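Structure data (TSV, C-alpha atoms) from input_0.tsv:
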chain	number	residue	atom	x	y	z
A	28	MET	CA	66.03	13.68	100.21
A	29	SER	CA	63.34	16.30	100.90
A	30	TRP	CA	64.08	19.66	102.49
A	31	ASP	CA	62.07	21.02	105.42
A	32	TRP	CA	62.09	24.70	104.27
A	33	GLU	CA	60.18	25.99	107.26
A	34	LYS	CA	62.55	24.31	109.67
A	35	LEU	CA	65.59	25.58	107.70
A	36	GLN	CA	64.30	29.17	107.69
A	37	GLU	CA	63.59	29.00	111.39
A	38	GLN	CA	67.16	27.82	112.04
A	39	GLN	CA	68.65	30.60	109.84
A	40	LYS	CA	66.46	33.18	111.57
A	41	ARG	CA	67.71	32.06	114.97
A	42	ARG	CA	71.31	32.37	113.73
A	43	GLY	CA	70.56	35.81	112.24
A	44	ASP	CA	71.38	34.80	108.62
A	45	ILE	CA	68.04	36.01	107.25
A	46	PRO	CA	67.38	39.80	107.49
A	47	PRO	CA	64.05	40.75	109.04
A	48	LYS	CA	61.18	41.31	106.66
A	49	MET	CA	59.13	44.50	106.40
A	50	ASP	CA	56.37	42.97	108.52
A	51	ASP	CA	58.84	42.23	111.28
A	52	PHE	CA	60.13	45.83	111.04
A	53	VAL	CA	56.62	47.24	111.38
A	54	GLN	CA	55.89	44.87	114.24
A	55	LYS	CA	58.97	46.14	116.08
A	56	LEU	CA	57.88	49.73	115.46
A	57	ASN	CA	54.51	48.92	117.01
A	58	THR	CA	56.24	47.62	120.11
A	59	LEU	CA	58.11	50.92	120.55
A	60	LYS	CA	56.65	53.20	123.15
A	61	VAL	CA	56.40	56.30	120.92
A	62	PRO	CA	53.47	58.72	121.23
A	63	GLY	CA	51.33	58.28	118.13
A	64	GLY	CA	52.82	54.92	117.18
A	65	PRO	CA	54.84	54.21	114.04
A	66	PHE	CA	53.30	57.17	112.20
A	67	TRP	CA	55.57	59.67	113.93
A	68	VAL	CA	58.57	57.45	113.39
A	69	LEU	CA	57.91	57.49	109.66
A	70	ILE	CA	57.54	61.27	109.73
A	71	LEU	CA	60.85	61.54	111.60
A	72	LEU	CA	62.56	59.39	108.99
A	73	ALA	CA	61.05	61.50	106.21
A	74	VAL	CA	62.32	64.69	107.85
A	75	LEU	CA	65.80	63.24	108.26
A	76	LEU	CA	65.86	62.21	104.61
A	77	SER	CA	64.60	65.61	103.44
A	78	THR	CA	67.34	67.41	105.34
A	79	THR	CA	69.94	65.53	103.27
A	80	MET	CA	68.29	66.60	100.00
A	81	PHE	CA	69.36	70.25	100.22
A	82	PHE	CA	72.85	71.70	100.42
A	83	THR	CA	74.45	75.14	100.24
A	84	VAL	CA	77.60	76.07	98.34
A	85	LYS	CA	79.57	79.09	99.56
A	86	PRO	CA	80.65	81.87	97.16
A	87	SER	CA	84.25	80.67	97.27
A	88	GLU	CA	83.33	77.05	96.55
A	89	VAL	CA	81.77	74.76	93.96
A	90	GLY	CA	79.95	71.53	94.73
A	91	VAL	CA	80.82	68.33	92.88
A	92	VAL	CA	77.79	66.01	93.01
A	93	GLN	CA	78.29	62.25	92.75
A	94	ARG	CA	75.50	59.73	92.19
A	95	PHE	CA	76.41	56.31	93.56
A	96	GLY	CA	80.05	57.43	93.42
A	97	LYS	CA	79.95	58.54	89.79
A	98	TYR	CA	80.32	62.21	88.81
A	99	ALA	CA	76.93	63.73	88.03
A	100	ARG	CA	77.25	67.54	87.88
A	101	THR	CA	78.93	70.64	89.31
A	102	ALA	CA	76.89	72.99	91.49
A	103	GLN	CA	77.68	76.69	91.57
A	104	PRO	CA	77.39	78.84	94.75
A	105	GLY	CA	73.90	78.93	96.22
A	106	LEU	CA	71.17	76.60	97.52
A	107	HIS	CA	70.74	73.32	95.59
A	108	PHE	CA	68.69	70.12	95.64
A	109	LYS	CA	69.99	66.57	95.42
A	110	LEU	CA	68.76	63.07	95.99
A	111	PRO	CA	68.83	61.72	99.57
A	112	ALA	CA	71.96	60.54	101.29
A	113	GLY	CA	73.19	57.22	100.03
A	114	ILE	CA	72.20	58.11	96.48
A	115	GLU	CA	73.94	61.42	95.84
A	116	THR	CA	76.82	62.96	97.76
A	117	VAL	CA	78.43	66.39	97.49
A	118	ALA	CA	82.13	67.25	97.69
A	119	LYS	CA	82.73	70.98	98.16
A	120	VAL	CA	85.89	72.36	96.58
A	121	ASN	CA	87.29	75.81	97.45
A	122	VAL	CA	88.41	77.49	94.22
A	123	ARG	CA	89.42	80.82	95.78
A	124	ARG	CA	91.79	79.75	98.54
A	125	ILE	CA	95.49	79.94	97.67
A	126	GLU	CA	97.47	77.05	99.08
A	127	THR	CA	101.21	76.83	99.50
A	128	GLU	CA	103.80	74.12	99.16
A	129	GLU	CA	107.17	75.16	100.62
A	130	PHE	CA	110.40	73.33	99.89
A	131	GLY	CA	113.31	73.65	102.26
A	132	ALA	CA	111.67	75.31	105.32
A	133	HIS	CA	109.29	74.44	108.11
A	134	LEU	CA	106.27	76.69	108.49
A	135	PHE	CA	102.93	76.43	110.20
A	136	GLY	CA	99.64	76.56	108.34
A	137	ASP	CA	96.81	79.00	108.78
A	138	ARG	CA	93.24	79.19	107.65
A	139	ASP	CA	94.03	80.67	104.24
A	140	SER	CA	96.94	78.53	103.12
A	141	ARG	CA	98.49	75.12	103.55
A	142	TYR	CA	102.19	74.69	104.19
A	143	VAL	CA	104.01	71.42	103.74
A	144	ALA	CA	107.52	71.09	105.10
A	145	THR	CA	109.49	68.85	102.79
A	146	ASN	CA	112.76	67.03	103.24
A	147	SER	CA	115.70	69.44	103.25
A	148	ASN	CA	117.50	67.19	100.74
A	149	ALA	CA	115.02	68.40	98.14
A	150	THR	CA	116.83	71.73	98.08
A	151	LEU	CA	120.25	70.23	97.30
A	152	MET	CA	120.63	70.55	93.55
A	153	LEU	CA	123.37	70.16	90.99
A	154	THR	CA	123.99	73.14	88.72
A	155	GLY	CA	125.05	73.05	85.10
A	156	GLU	CA	128.71	73.46	86.03
A	157	LEU	CA	128.52	70.52	88.53
A	158	ASN	CA	128.34	72.68	91.66
A	159	VAL	CA	126.01	71.91	94.56
A	160	ALA	CA	123.52	74.60	95.61
A	161	MET	CA	120.83	74.82	98.25
A	162	VAL	CA	117.72	76.16	96.51
A	163	PRO	CA	114.63	76.66	98.71
A	164	TRP	CA	111.43	77.81	97.02
A	165	ILE	CA	107.67	78.19	97.48
A	166	VAL	CA	104.86	77.17	95.13
A	167	GLN	CA	101.49	78.89	95.56
A	168	TYR	CA	98.51	77.45	93.72
A	169	ARG	CA	94.74	77.15	93.69
A	170	ILE	CA	92.11	74.98	92.02
A	171	LYS	CA	90.99	76.29	88.65
A	172	ASP	CA	87.64	78.10	88.76
A	173	THR	CA	86.36	76.38	85.62
A	174	GLU	CA	83.87	73.64	84.91
A	175	GLU	CA	86.62	71.05	84.52
A	176	GLY	CA	88.95	72.30	87.29
A	177	PRO	CA	87.28	70.79	90.41
A	178	TYR	CA	86.40	67.60	88.51
A	179	ASP	CA	90.01	67.11	87.38
A	180	PHE	CA	91.31	67.90	90.86
A	181	LEU	CA	89.10	65.25	92.49
A	182	PHE	CA	89.09	62.44	89.94
A	183	LYS	CA	91.85	62.66	87.33
A	184	VAL	CA	94.99	62.25	89.50
A	185	ARG	CA	95.38	60.14	92.61
A	186	ASP	CA	96.96	62.17	95.44
A	187	VAL	CA	97.20	65.35	93.37
A	188	ARG	CA	99.12	67.24	96.06
A	189	ARG	CA	101.85	64.59	96.12
A	190	TYR	CA	102.02	64.81	92.33
A	191	LEU	CA	102.32	68.61	92.58
A	192	ARG	CA	105.23	68.34	95.04
A	193	ASP	CA	107.04	65.74	92.92
A	194	MET	CA	106.61	67.75	89.71
A	195	SER	CA	107.71	70.96	91.48
A	196	GLU	CA	110.94	69.33	92.59
A	197	ALA	CA	111.58	67.76	89.17
A	198	THR	CA	110.90	71.05	87.37
A	199	MET	CA	113.18	73.04	89.66
A	200	ARG	CA	116.00	70.52	89.24
A	201	LEU	CA	115.59	70.75	85.47
A	202	VAL	CA	115.85	74.55	85.50
A	203	ILE	CA	118.75	74.66	87.95
A	204	GLY	CA	120.62	72.04	85.93
A	205	ASP	CA	120.83	74.46	83.00
A	206	ARG	CA	122.32	77.33	85.05
A	207	SER	CA	125.65	78.15	86.62
A	208	ILE	CA	126.06	78.73	90.33
A	209	ASP	CA	126.37	82.47	89.76
A	210	GLU	CA	123.10	82.55	87.80
A	211	VAL	CA	121.36	80.46	90.46
A	212	ILE	CA	122.36	82.99	93.11
A	213	SER	CA	121.85	86.22	91.15
A	214	LYS	CA	118.95	85.42	88.77
A	215	ARG	CA	116.35	83.97	91.11
A	216	ASP	CA	113.43	85.87	89.59
A	217	GLU	CA	114.25	84.63	86.10
A	218	ILE	CA	114.54	81.05	87.36
A	219	ALA	CA	111.21	81.34	89.20
A	220	VAL	CA	109.39	82.50	86.06
A	221	GLU	CA	110.83	79.68	83.94
A	222	ALA	CA	110.03	77.06	86.62
A	223	ARG	CA	106.44	78.33	86.91
A	224	GLU	CA	105.85	78.03	83.16
A	225	LEU	CA	107.30	74.52	82.97
A	226	LEU	CA	105.40	73.35	86.06
A	227	GLN	CA	102.09	74.72	84.75
A	228	THR	CA	102.63	72.92	81.45
A	229	GLU	CA	103.20	69.59	83.22
A	230	LEU	CA	100.14	70.04	85.46
A	231	ASP	CA	97.93	70.90	82.48
A	232	GLN	CA	99.10	67.83	80.59
A	233	ALA	CA	98.26	65.64	83.60
A	234	GLU	CA	94.82	67.35	83.95
A	235	THR	CA	95.28	68.10	87.63
A	236	GLY	CA	92.92	71.08	87.68
A	237	ILE	CA	95.57	73.20	89.45
A	238	GLN	CA	96.50	76.77	88.52
A	239	ILE	CA	99.97	77.90	89.64
A	240	VAL	CA	99.74	81.39	91.13
A	241	THR	CA	103.42	82.02	91.70
A	242	VAL	CA	106.79	80.36	92.27
A	243	GLU	CA	108.97	82.29	94.71
A	244	MET	CA	112.67	81.62	95.11
A	245	LYS	CA	114.13	82.01	98.58
A	246	LYS	CA	117.75	82.89	99.35
A	247	THR	CA	119.97	80.53	97.41
A	248	ASP	CA	123.20	79.42	99.03
A	249	VAL	CA	125.78	76.65	98.93
A	250	PRO	CA	126.47	73.93	101.53
A	251	GLU	CA	128.40	75.12	104.58
A	252	PRO	CA	131.62	73.15	103.83
A	253	VAL	CA	132.12	74.96	100.52
A	254	GLN	CA	131.04	78.40	101.75
A	255	PRO	CA	134.62	79.74	102.28
A	256	SER	CA	135.62	78.70	98.77
A	257	LEU	CA	132.53	80.36	97.34
A	258	ASN	CA	133.34	83.55	99.24
A	259	GLU	CA	136.80	83.58	97.68
A	260	VAL	CA	135.29	83.05	94.25
A	261	ASN	CA	132.82	85.88	94.83
A	262	GLN	CA	135.61	88.18	95.99
A	263	ALA	CA	137.67	87.35	92.92
A	264	THR	CA	134.63	87.94	90.74
A	265	GLN	CA	134.05	91.34	92.33
A	266	GLU	CA	137.68	92.30	91.81
A	267	LYS	CA	137.46	91.22	88.19
A	268	GLU	CA	134.33	93.28	87.66
A	269	GLN	CA	135.98	96.26	89.35
A	270	MET	CA	139.01	96.03	87.05
A	271	ILE	CA	136.76	95.70	84.04
A	272	TYR	CA	134.83	98.76	85.18
A	273	GLN	CA	138.01	100.78	85.61
A	274	ALA	CA	139.30	99.68	82.20
A	275	LYS	CA	136.00	100.69	80.61
A	276	GLU	CA	136.19	104.04	82.38
A	277	GLU	CA	139.67	104.69	80.97
A	278	TYR	CA	138.48	103.49	77.59
A	279	ASN	CA	135.56	105.90	77.66
A	280	LYS	CA	137.90	108.74	78.50
A	281	ALA	CA	140.61	108.07	75.89
A	282	ILE	CA	138.81	106.58	72.92
A	283	PRO	CA	136.17	109.31	72.40
A	284	ALA	CA	138.87	112.02	72.57
A	285	GLU	CA	141.02	110.20	70.01
A	286	LYS	CA	138.03	109.61	67.79
A	287	GLY	CA	137.19	113.32	67.99
A	288	GLU	CA	140.74	114.29	67.04
A	289	ALA	CA	140.71	111.79	64.17
A	290	ASP	CA	137.40	113.18	62.93
A	291	ARG	CA	138.79	116.73	63.11
A	292	ILE	CA	141.85	115.80	61.05
A	293	ILE	CA	139.72	113.98	58.50
A	294	LYS	CA	137.36	116.96	58.19
A	295	ALA	CA	140.31	119.35	57.79
A	296	ALA	CA	141.82	117.14	55.10
A	297	GLU	CA	138.53	116.92	53.31
A	298	GLY	CA	138.14	120.73	53.45
A	299	TYR	CA	141.68	121.25	52.14
A	300	ALA	CA	141.09	118.78	49.32
A	301	LEU	CA	137.85	120.48	48.39
A	302	ASP	CA	139.55	123.90	48.40
A	303	ARG	CA	142.38	122.68	46.19
A	304	VAL	CA	140.02	121.04	43.75
A	305	ASN	CA	137.82	124.13	43.52
A	306	ARG	CA	140.82	126.40	43.05
A	307	ALA	CA	142.19	124.12	40.35
A	308	LYS	CA	138.85	124.09	38.61
A	309	GLY	CA	138.72	127.90	38.81
A	310	ASP	CA	142.25	128.24	37.39
A	311	ALA	CA	141.40	125.87	34.57
A	312	ALA	CA	138.21	127.80	33.78
A	313	ARG	CA	140.13	131.10	33.81
A	314	PHE	CA	142.81	129.66	31.54
A	315	ARG	CA	140.23	128.40	29.10
A	316	SER	CA	138.53	131.81	28.98
A	317	LEU	CA	141.89	133.55	28.38
A	318	TYR	CA	142.77	131.08	25.66
A	319	GLU	CA	139.48	131.71	23.92
A	320	GLU	CA	140.12	135.48	23.95
A	321	TYR	CA	143.72	134.92	22.88
A	322	ALA	CA	142.57	132.84	19.91
A	323	LYS	CA	140.28	135.69	18.82
A	324	ALA	CA	142.87	138.52	19.06
A	325	LYS	CA	146.38	137.34	19.83
A	326	ASP	CA	148.20	140.75	19.83
A	327	VAL	CA	145.64	142.53	21.89
A	328	THR	CA	145.36	139.68	24.33
A	329	ARG	CA	149.14	139.34	24.63
A	330	ARG	CA	149.50	143.09	25.30
A	331	ARG	CA	146.70	143.04	27.87
A	332	MET	CA	148.26	140.09	29.64
A	333	TYR	CA	151.62	141.87	29.63
A	334	LEU	CA	150.15	145.00	31.12
A	335	GLU	CA	148.25	143.06	33.75
A	336	SER	CA	151.43	141.27	34.72
A	337	LEU	CA	153.27	144.59	35.06
A	338	ARG	CA	150.42	145.94	37.15
A	339	ASP	CA	150.81	143.04	39.51
A	340	VAL	CA	154.64	143.12	39.58
A	341	PHE	CA	155.40	146.85	39.76
A	342	PRO	CA	153.91	147.51	43.19
A	343	LYS	CA	156.22	144.89	44.62
A	344	LEU	CA	159.46	146.52	43.23
A	345	LYS	CA	161.36	149.00	45.43
A	346	GLN	CA	163.51	150.79	42.79
A	347	LYS	CA	162.56	151.01	39.15
A	348	TYR	CA	164.76	151.94	36.15
A	349	LEU	CA	163.60	152.53	32.56
A	350	ILE	CA	166.05	151.81	29.75
A	351	ASP	CA	165.47	152.58	26.11
A	352	GLU	CA	166.36	149.57	24.10
A	353	ASP	CA	167.63	151.72	21.18
A	354	GLN	CA	169.76	153.93	23.39
A	355	LYS	CA	173.20	152.70	24.25
A	356	ASN	CA	173.73	155.00	27.16
A	357	LEU	CA	171.71	155.13	30.33
A	358	LEU	CA	168.96	157.66	30.52
A	359	PRO	CA	169.03	160.18	33.25
A	360	LEU	CA	167.71	158.68	36.46
A	361	LEU	CA	163.99	158.79	36.55
A	362	ASN	CA	162.76	158.61	40.10
A	363	LEU	CA	159.55	156.67	39.98
A	364	GLU	CA	159.38	156.44	43.76
A	365	SER	CA	158.95	160.15	44.38
A	366	GLY	CA	155.23	159.87	44.78
A	367	SER	CA	155.63	157.25	47.43
A	368	GLY	CA	157.62	159.52	49.75
A	369	LYS	CA	160.73	157.36	49.76
Can the structure in the file be given as structure tokens, please?
Amino acid sequence: MSWDWEKLQEQQKRRGDIPPKMDDFVQKLNTLKVPGGPFWVLILLAVLLSTTMFFTVKPSEVGVVQRFGKYARTAQPGLHFKLPAGIETVAKVNVRRIETEEFGAHLFGDRDSRYVATNSNATLMLTGELNVAMVPWIVQYRIKDTEEGPYDFLFKVRDVRRYLRDMSEATMRLVIGDRSIDEVISKRDEIAVEARELLQTELDQAETGIQIVTVEMKKTDVPEPVQPSLNEVNQATQEKEQMIYQAKEEYNKAIPAEKGEADRIIKAAEGYALDRVNRAKGDAARFRSLYEEYAKAKDVTRRRMYLESLRDVFPKLKQKYLIDEDQKNLLPLLNLESGSGK
């Protein structure tokens, strides 16, 4: 069976299956009522193509150029050249704008930031002591101003903002799960710093191209049904702290005074012991010196010691009597106190 190619092509052309050839396109251009004919149409097409070959990147942006959908290069701020539309496209990424993801509140966005109101259940968290707390927080971030930052943000993770929100919630639950309800309420700054570090680590591992600027903790509270019980616990805690403070105050008054008195007694005892030891050492040294002199001249030393003893004893006696040891009768009274005026 032979094919009638001309007849087949004519049928396909009538059905529109065969695209028009270049000659047909030129023929249609000739039929257009344009001043100057197809020449001006070609110039117009060339101008339109040339306008898509230049692009400008603002100072706060970088341009990510794709060639047939594949990453080609990153353009810094300024005027740049690219291939015509359909070959190369440019995606401009703002690396200076700080965007915001807020968990637990409903806010409206502005030109400098982006707010996302999340489900309020995201703020209900279980603490380390199995208490329920409502923990609202805000995550502020921007795209890294590096060569890899915009590329990672656009191509490495699908729906990077959704990934950021999920990881923010998971990180906050991890941090809150290691704290007590009192720490969650009173140590919000410490929790925010720890959550920021953990979240940044997870985002870097996933190559999201996001830099966390800050994590801010809002007022932490408990669900309304348990609020009265929490108030009672807080009141009891305050009373406990007050009693501890008073006890410490009394302690600081009594203990230092007792310690000072104990130190005084110890110092006095040490001084007395030192005095007694020194006096004993002096007496021993004096005795040794007397013994040495006594060994050299016993009679003279004995007489000198006798006279020194009398010199020390006589002034303490009120009435003095001298008796001759060879005389049996008493001597006439010798008044030795006459010079004293008694």
### Query
Using only C-alpha atoms, which residues sit within 6 Å of Lys171 in chain A once same-chain residues fewer than 6 positions away are excluded, as JSON, numbers by chain?
{"A": [236, 237, 238]}
### Task
May I ask for the distance between CA of Ile70 in chain A and CA of Ala112 in chain A, given in Å to one decimal place?
16.7 Å
### Of the listed residues A:Ala289, A:Ile170, A:Ile271, A:Ala149, that which approaches Arg124 in chain A most closely, counting all atoms listed in the file
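That would be A:Ile170, the residue with the smallest distance to Arg124 in chain A.
Between CA of Glu128 in chain A and CA of Arg192 in chain A lies a distance of 7.2 Å.
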### Query
Rounded to one decimal in Å, what is the spacing between CA of Asp205 in chain A and CA of Glu156 in chain A?
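It comes out at 8.5 Å.
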### Query
Neighbours of Glu234 in chain A within 8 Å (only C-alpha atoms; same-chain residues fewer than 5 positions away dropped), as a PyMOL selection string?
chain A and resi 179-180+183-184
### Query
Taking only C-alpha atoms into account, which of A:Leu157, A:Ala322, A:Met194, A:Val122 comes nearest Ser207 in chain A?
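The answer is A:Leu157, which sits nearest to Ser207 in chain A.
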So which residues touch Lys97 in chain A within 10 Å, counting all atoms listed in the file, skipping near sequence neighbours fewer than 5 positions away, as a PDB file with C-alpha atoms, in the coordinates of the input?
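selection_3.pdb written:
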ATOM      1  CA  VAL A  92      77.790  66.010  93.010  1.00  0.00           C
ATOM      2  CA  GLU A 115      73.940  61.420  95.840  1.00  0.00           C
ATOM      3  CA  THR A 116      76.820  62.960  97.760  1.00  0.00           C
ATOM      4  CA  PHE A 182      89.090  62.440  89.940  1.00  0.00           C
TER       5      PHE A 182
END
